[in-house]
Amino acid sequence: MYALRTLFNTAIIGTSAIAWLFVSGLVAGPFLWLFPGKNGRNVRKFVYYQSKGILFCVRMCSHTFHAARVERPKEPCVVVANHASALDLYTVAALGFDNVVYITKGWVFKLPFFRFVMNGAGYMDAEKTPPEEMLARCKQAVANGCDIVLFPQGSRKNPQARFKSGAFYLAEMLQVPVIPVAIAGTGEMLPAGSIRLRPADILIQSLPALLPTDFTGPVVHLEMARTAKNKIMEIVNKEMKI
Amino acid sequence: MITREEIIRLTNEALKKEFELTDEQLVPTAHLQNDVGLDSLDAVDMVVVLEQKFGMTLRQGYDIRSIVTLNDLYNFIEKLARDHEAGK
């Protein structure tokens, strides 16, 4: 049954998800090129609706699907999540984050179609953008009302990897809250290096925001990174029974 | 006078706590960027953490960028501790 479900997920739902990404992109592309909105707002809204479509596919592939959020601060935030699957990029949409700027690895910017959308939406290449420029662009994004989304583990290869402190340094510099997001099950559904969509129990949960001013010590962002990881992994490991 | 063994122990202790490193990663020949996985921001954080651990300034008048391996780091702190004790 598990094998049959995996086959159905991959062949039917997976193909539909990819088709959704490309067809919606082809239809909306010319309009977004002509009317990207103020600072790429329309492009980010489009990505949000694309993500909703992918989330629908994830829901169809899963045994159970649970998305829960706590009340978020009104101001723009830095959103950090654990990272075990390519699906994680789309999961923040489940929590209602509809105006986000992602900071991602450089290789994502090399994907032919995605590059257009990512540049249009104002996403940032974590490897190529110099730190000063990154900070200035993030400041501008926050001034435009955008949340900034990062995966501080930096890679999908080790789900228990430490959270690097760059995202938290950014929050400290911008003096904005950090919203930790726990994602469980996506790594089981679509692990790194796989194209098969296995059925899994999916949990996406936002946690109470962390404020840079609540932390003390010589390196505030290191302390924040540790706290965010502990809170996230407590939920993920409980869900995954690790 | 602080011994080299003590420097190694305290440094490893700080790195393990702050950067979630394991004993297997903390071998003297380990490259801080490639083997230990510390990026440029981690390097800055590491300096602040070690300054607090050893109670001395690591940044003034010394070329931290020359530190490539963990052994370089131990040597650097040892030299600094000797200078510190000699009142230089």
# chains A, B, ... in the order shown; residues from 1 in each chain; ligands from 1
$ residues_around --residues "Val27 in chain B" --least-positions-apart "3" --cutoff "10 Å" --atoms "only C-alpha atoms" --output "PyMOL selection string"
chain B and resi 12+22-24+30-31+35-36+69-71
$ interface_residues --of "chain A" --to "chain B" --cutoff "10 Å" --atoms "only C-alpha atoms" --output "ChimeraX atom specification"
/A:131,161-166,169,217-223,225-226
$ select_by_dssp --residues "range 14-184 of chain A" --states "strand (DSSP E or B)" --output "NGL selection string"
:A and (64-68 or 78-81 or 85 or 100-104 or 124-125 or 147-150 or 178-184)
$ write_last_selection --atoms "N, CA and C atoms" --output "PDB file, in the first residue's frame"
ATOM      1  N   THR A  64      -1.414  12.761   7.289  1.00  0.00           N
ATOM      2  CA  THR A  64      -2.101  13.832   8.029  1.00  0.00           C
ATOM      3  C   THR A  64      -1.379  15.137   7.735  1.00  0.00           C
ATOM      4  N   PHE A  65      -2.109  16.238   7.799  1.00  0.00           N
ATOM      5  CA  PHE A  65      -1.525  17.553   7.515  1.00  0.00           C
ATOM      6  C   PHE A  65      -2.033  18.514   8.574  1.00  0.00           C
ATOM      7  N   HIS A  66      -1.107  19.127   9.291  1.00  0.00           N
ATOM      8  CA  HIS A  66      -1.517  20.013  10.372  1.00  0.00           C
ATOM      9  C   HIS A  66      -0.684  21.295  10.322  1.00  0.00           C
ATOM     10  N   ALA A  67      -1.372  22.424  10.174  1.00  0.00           N
ATOM     11  CA  ALA A  67      -0.679  23.725  10.193  1.00  0.00           C
ATOM     12  C   ALA A  67      -1.245  24.545  11.339  1.00  0.00           C
ATOM     13  N   ALA A  68      -0.384  25.023  12.220  1.00  0.00           N
ATOM     14  CA  ALA A  68      -0.844  25.794  13.383  1.00  0.00           C
ATOM     15  C   ALA A  68       0.019  27.022  13.546  1.00  0.00           C
ATOM     16  N   VAL A  78      11.818  38.412  10.874  1.00  0.00           N
ATOM     17  CA  VAL A  78      12.677  37.409  10.248  1.00  0.00           C
ATOM     18  C   VAL A  78      12.077  36.055  10.608  1.00  0.00           C
ATOM     19  N   VAL A  79      11.782  35.258   9.598  1.00  0.00           N
ATOM     20  CA  VAL A  79      11.177  33.942   9.827  1.00  0.00           C
ATOM     21  C   VAL A  79      12.249  32.878   9.607  1.00  0.00           C
ATOM     22  N   VAL A  80      12.448  32.025  10.604  1.00  0.00           N
ATOM     23  CA  VAL A  80      13.466  30.963  10.464  1.00  0.00           C
ATOM     24  C   VAL A  80      12.797  29.606  10.642  1.00  0.00           C
ATOM     25  N   ALA A  81      13.213  28.642   9.816  1.00  0.00           N
ATOM     26  CA  ALA A  81      12.628  27.301   9.909  1.00  0.00           C
ATOM     27  C   ALA A  81      13.720  26.263   9.728  1.00  0.00           C
ATOM     28  N   SER A  85      13.713  19.497   3.340  1.00  0.00           N
ATOM     29  CA  SER A  85      13.140  19.134   2.040  1.00  0.00           C
ATOM     30  C   SER A  85      12.943  20.376   1.180  1.00  0.00           C
ATOM     31  N   VAL A 100       6.769  37.764   1.481  1.00  0.00           N
ATOM     32  CA  VAL A 100       8.075  37.375   2.024  1.00  0.00           C
ATOM     33  C   VAL A 100       9.191  37.506   1.007  1.00  0.00           C
ATOM     34  N   VAL A 101      10.361  37.779   1.535  1.00  0.00           N
ATOM     35  CA  VAL A 101      11.581  37.787   0.742  1.00  0.00           C
ATOM     36  C   VAL A 101      12.449  36.644   1.257  1.00  0.00           C
ATOM     37  N   TYR A 102      12.808  35.738   0.384  1.00  0.00           N
ATOM     38  CA  TYR A 102      13.656  34.624   0.780  1.00  0.00           C
ATOM     39  C   TYR A 102      15.125  34.992   0.588  1.00  0.00           C
ATOM     40  N   ILE A 103      15.945  34.499   1.495  1.00  0.00           N
ATOM     41  CA  ILE A 103      17.400  34.547   1.279  1.00  0.00           C
ATOM     42  C   ILE A 103      17.820  33.101   1.083  1.00  0.00           C
ATOM     43  N   THR A 104      18.290  32.784  -0.114  1.00  0.00           N
ATOM     44  CA  THR A 104      18.558  31.375  -0.447  1.00  0.00           C
ATOM     45  C   THR A 104      19.975  31.177  -0.962  1.00  0.00           C
ATOM     46  N   MET A 124      17.130  37.191  -2.307  1.00  0.00           N
ATOM     47  CA  MET A 124      18.571  37.466  -2.238  1.00  0.00           C
ATOM     48  C   MET A 124      19.408  36.190  -2.261  1.00  0.00           C
ATOM     49  N   ASP A 125      20.525  36.281  -2.941  1.00  0.00           N
ATOM     50  CA  ASP A 125      21.477  35.177  -3.041  1.00  0.00           C
ATOM     51  C   ASP A 125      22.431  35.274  -1.845  1.00  0.00           C
ATOM     52  N   ASP A 147       8.341  40.225   5.264  1.00  0.00           N
ATOM     53  CA  ASP A 147       9.036  39.329   6.190  1.00  0.00           C
ATOM     54  C   ASP A 147      10.220  38.726   5.431  1.00  0.00           C
ATOM     55  N   ILE A 148      11.277  38.403   6.157  1.00  0.00           N
ATOM     56  CA  ILE A 148      12.453  37.801   5.522  1.00  0.00           C
ATOM     57  C   ILE A 148      12.552  36.348   5.985  1.00  0.00           C
ATOM     58  N   VAL A 149      12.584  35.431   5.033  1.00  0.00           N
ATOM     59  CA  VAL A 149      12.581  34.003   5.384  1.00  0.00           C
ATOM     60  C   VAL A 149      13.946  33.379   5.102  1.00  0.00           C
ATOM     61  N   LEU A 150      14.465  32.674   6.091  1.00  0.00           N
ATOM     62  CA  LEU A 150      15.746  31.975   5.931  1.00  0.00           C
ATOM     63  C   LEU A 150      15.657  30.583   6.540  1.00  0.00           C
ATOM     64  N   VAL A 178      12.078  37.584  15.624  1.00  0.00           N
ATOM     65  CA  VAL A 178      12.330  36.348  14.869  1.00  0.00           C
ATOM     66  C   VAL A 178      11.176  35.391  15.142  1.00  0.00           C
ATOM     67  N   ILE A 179      10.557  34.882  14.073  1.00  0.00           N
ATOM     68  CA  ILE A 179       9.486  33.876  14.261  1.00  0.00           C
ATOM     69  C   ILE A 179      10.055  32.505  13.903  1.00  0.00           C
ATOM     70  N   PRO A 180      10.205  31.613  14.892  1.00  0.00           N
ATOM     71  CA  PRO A 180      10.657  30.256  14.579  1.00  0.00           C
ATOM     72  C   PRO A 180       9.491  29.432  14.015  1.00  0.00           C
ATOM     73  N   VAL A 181       9.787  28.660  12.994  1.00  0.00           N
ATOM     74  CA  VAL A 181       8.769  27.785  12.390  1.00  0.00           C
ATOM     75  C   VAL A 181       9.298  26.350  12.381  1.00  0.00           C
ATOM     76  N   ALA A 182       8.516  25.457  12.957  1.00  0.00           N
ATOM     77  CA  ALA A 182       8.909  24.038  12.983  1.00  0.00           C
ATOM     78  C   ALA A 182       8.204  23.309  11.841  1.00  0.00           C
ATOM     79  N   ILE A 183       8.990  22.584  11.057  1.00  0.00           N
ATOM     80  CA  ILE A 183       8.429  21.817   9.930  1.00  0.00           C
ATOM     81  C   ILE A 183       8.820  20.351  10.139  1.00  0.00           C
ATOM     82  N   ALA A 184       7.822  19.490  10.243  1.00  0.00           N
ATOM     83  CA  ALA A 184       8.113  18.062  10.424  1.00  0.00           C
ATOM     84  C   ALA A 184       7.414  17.255   9.332  1.00  0.00           C
TER      85      ALA A 184
END
$ select_by_dssp --residues "chain A" --states "alpha helix (DSSP H)" --output "count of residues only"
109
$ residues_around --residues "range 74-79 of chain B" --least-positions-apart "2" --cutoff "10 Å" --atoms "only C-alpha atoms" --output "ChimeraX atom specification"
/B:2-9,11-12,28,50-51,54,56,58,62-64,66-67,69-72,81-85
$ write_last_selection --atoms "N, CA and C atoms" --output "mmCIF file, in the first residue's frame"
data_model
loop_
_atom_site.group_PDB
_atom_site.id
_atom_site.type_symbol
_atom_site.label_atom_id
_atom_site.label_comp_id
_atom_site.auth_asym_id
_atom_site.auth_seq_id
_atom_site.Cartn_x
_atom_site.Cartn_y
_atom_site.Cartn_z
ATOM 1 N N ILE B 2 49.121 29.572 32.130
ATOM 2 C CA ILE B 2 48.205 28.662 31.451
ATOM 3 C C ILE B 2 48.989 27.747 30.489
ATOM 4 N N THR B 3 48.699 26.472 30.569
ATOM 5 C CA THR B 3 49.432 25.516 29.715
ATOM 6 C C THR B 3 48.739 25.382 28.354
ATOM 7 N N ARG B 4 49.473 24.804 27.404
ATOM 8 C CA ARG B 4 48.906 24.596 26.068
ATOM 9 C C ARG B 4 47.702 23.641 26.141
ATOM 10 N N GLU B 5 47.834 22.628 27.000
ATOM 11 C CA GLU B 5 46.730 21.667 27.152
ATOM 12 C C GLU B 5 45.465 22.371 27.653
ATOM 13 N N GLU B 6 45.681 23.294 28.584
ATOM 14 C CA GLU B 6 44.555 24.053 29.139
ATOM 15 C C GLU B 6 43.919 24.942 28.052
ATOM 16 N N ILE B 7 44.784 25.540 27.225
ATOM 17 C CA ILE B 7 44.284 26.380 26.115
ATOM 18 C C ILE B 7 43.446 25.539 25.156
ATOM 19 N N ILE B 8 43.958 24.355 24.830
ATOM 20 C CA ILE B 8 43.231 23.470 23.907
ATOM 21 C C ILE B 8 41.892 23.050 24.519
ATOM 22 N N ARG B 9 41.927 22.719 25.793
ATOM 23 C CA ARG B 9 40.701 22.272 26.461
ATOM 24 C C ARG B 9 39.643 23.381 26.486
ATOM 25 N N THR B 11 39.480 26.105 24.617
ATOM 26 C CA THR B 11 39.056 26.479 23.252
ATOM 27 C C THR B 11 38.029 25.473 22.733
ATOM 28 N N ASN B 12 38.363 24.193 22.861
ATOM 29 C CA ASN B 12 37.438 23.157 22.377
ATOM 30 C C ASN B 12 36.096 23.213 23.108
ATOM 31 N N PRO B 28 43.452 18.933 15.616
ATOM 32 C CA PRO B 28 44.296 20.105 15.348
ATOM 33 C C PRO B 28 44.452 20.463 13.868
ATOM 34 N N LEU B 50 35.863 33.512 22.403
ATOM 35 C CA LEU B 50 37.175 33.158 22.969
ATOM 36 C C LEU B 50 37.747 34.302 23.801
ATOM 37 N N GLU B 51 37.463 35.527 23.376
ATOM 38 C CA GLU B 51 37.907 36.681 24.177
ATOM 39 C C GLU B 51 37.304 36.608 25.567
ATOM 40 N N PHE B 54 38.910 33.602 27.578
ATOM 41 C CA PHE B 54 40.287 33.772 28.055
ATOM 42 C C PHE B 54 40.537 35.130 28.722
ATOM 43 N N MET B 56 40.946 38.102 27.430
ATOM 44 C CA MET B 56 41.912 38.997 26.772
ATOM 45 C C MET B 56 41.443 39.327 25.355
ATOM 46 N N LEU B 58 41.600 39.561 21.506
ATOM 47 C CA LEU B 58 42.261 38.797 20.449
ATOM 48 C C LEU B 58 42.452 39.618 19.173
ATOM 49 N N TYR B 62 46.956 41.966 15.958
ATOM 50 C CA TYR B 62 47.289 40.621 15.467
ATOM 51 C C TYR B 62 46.481 40.318 14.209
ATOM 52 N N ASP B 63 47.053 39.482 13.356
ATOM 53 C CA ASP B 63 46.366 39.149 12.118
ATOM 54 C C ASP B 63 45.580 37.839 12.285
ATOM 55 N N ILE B 64 44.316 37.989 12.638
ATOM 56 C CA ILE B 64 43.466 36.812 12.861
ATOM 57 C C ILE B 64 43.226 36.057 11.559
ATOM 58 N N SER B 66 45.155 35.075 9.455
ATOM 59 C CA SER B 66 46.163 34.056 9.161
ATOM 60 C C SER B 66 45.805 32.711 9.789
ATOM 61 N N ILE B 67 44.774 32.690 10.629
ATOM 62 C CA ILE B 67 44.361 31.437 11.280
ATOM 63 C C ILE B 67 43.531 30.614 10.301
ATOM 64 N N THR B 69 43.743 26.684 10.428
ATOM 65 C CA THR B 69 43.378 25.414 11.065
ATOM 66 C C THR B 69 43.171 25.624 12.569
ATOM 67 N N LEU B 70 42.669 24.594 13.200
ATOM 68 C CA LEU B 70 42.459 24.639 14.642
ATOM 69 C C LEU B 70 43.796 24.788 15.374
ATOM 70 N N ASN B 71 44.824 24.143 14.831
ATOM 71 C CA ASN B 71 46.154 24.243 15.430
ATOM 72 C C ASN B 71 46.674 25.682 15.369
ATOM 73 N N ASP B 72 46.398 26.369 14.247
ATOM 74 C CA ASP B 72 46.766 27.796 14.135
ATOM 75 C C ASP B 72 46.099 28.587 15.248
ATOM 76 N N ALA B 81 48.610 34.557 24.991
ATOM 77 C CA ALA B 81 48.629 34.348 26.447
ATOM 78 C C ALA B 81 50.025 34.614 27.003
ATOM 79 N N ARG B 82 51.051 34.165 26.261
ATOM 80 C CA ARG B 82 52.446 34.402 26.698
ATOM 81 C C ARG B 82 52.732 35.903 26.725
ATOM 82 N N ASP B 83 52.347 36.598 25.646
ATOM 83 C CA ASP B 83 52.547 38.063 25.570
ATOM 84 C C ASP B 83 51.797 38.760 26.701
ATOM 85 N N HIS B 84 50.593 38.274 26.960
ATOM 86 C CA HIS B 84 49.734 38.850 27.993
ATOM 87 C C HIS B 84 50.414 38.708 29.348
ATOM 88 N N GLU B 85 50.955 37.504 29.594
ATOM 89 C CA GLU B 85 51.602 37.243 30.877
ATOM 90 C C GLU B 85 52.904 38.030 31.020
#
$ atom_distance --atom1 "CA of Gly154 in chain A" --atom2 "CA of Gly193 in chain A"
15.4 Å
$ residues_around --residues "Ser194 in chain A" --least-positions-apart "3" --cutoff "12 Å" --atoms "only C-alpha atoms" --output "list in words"
Thr10, Ala84, Ser85, Ala86, Leu87, Arg156, Lys157, Thr186, Gly187, Glu188, Met189, Leu190, Pro191, Leu197 and Arg198 of chain A
$ closest_residue --among "B:Val68, B:Arg59, B:Lys16, B:Val47" --to "Asn34 in chain B" --atoms "only C-alpha atoms"
B:Val68
$ residues_around --residues "Arg72 in chain A" --least-positions-apart "4" --cutoff "10 Å" --atoms "only C-alpha atoms" --output "VMD selection string"
chain A and resid 76 to 77 177 to 179 206 to 209
$ residues_around --residues "Lys128 in chain A" --least-positions-apart "4" --cutoff "10 Å" --atoms "only C-alpha atoms" --output "PyMOL selection string"
chain A and resi 105-106+124+134
$ residues_around --residues "range 20-37 of chain A" --least-positions-apart "5" --cutoff "9 Å" --atoms "only C-alpha atoms" --output "PyMOL selection string"
chain A and resi 15+42-44+46+50-51+53-54+113+116-117+120-121
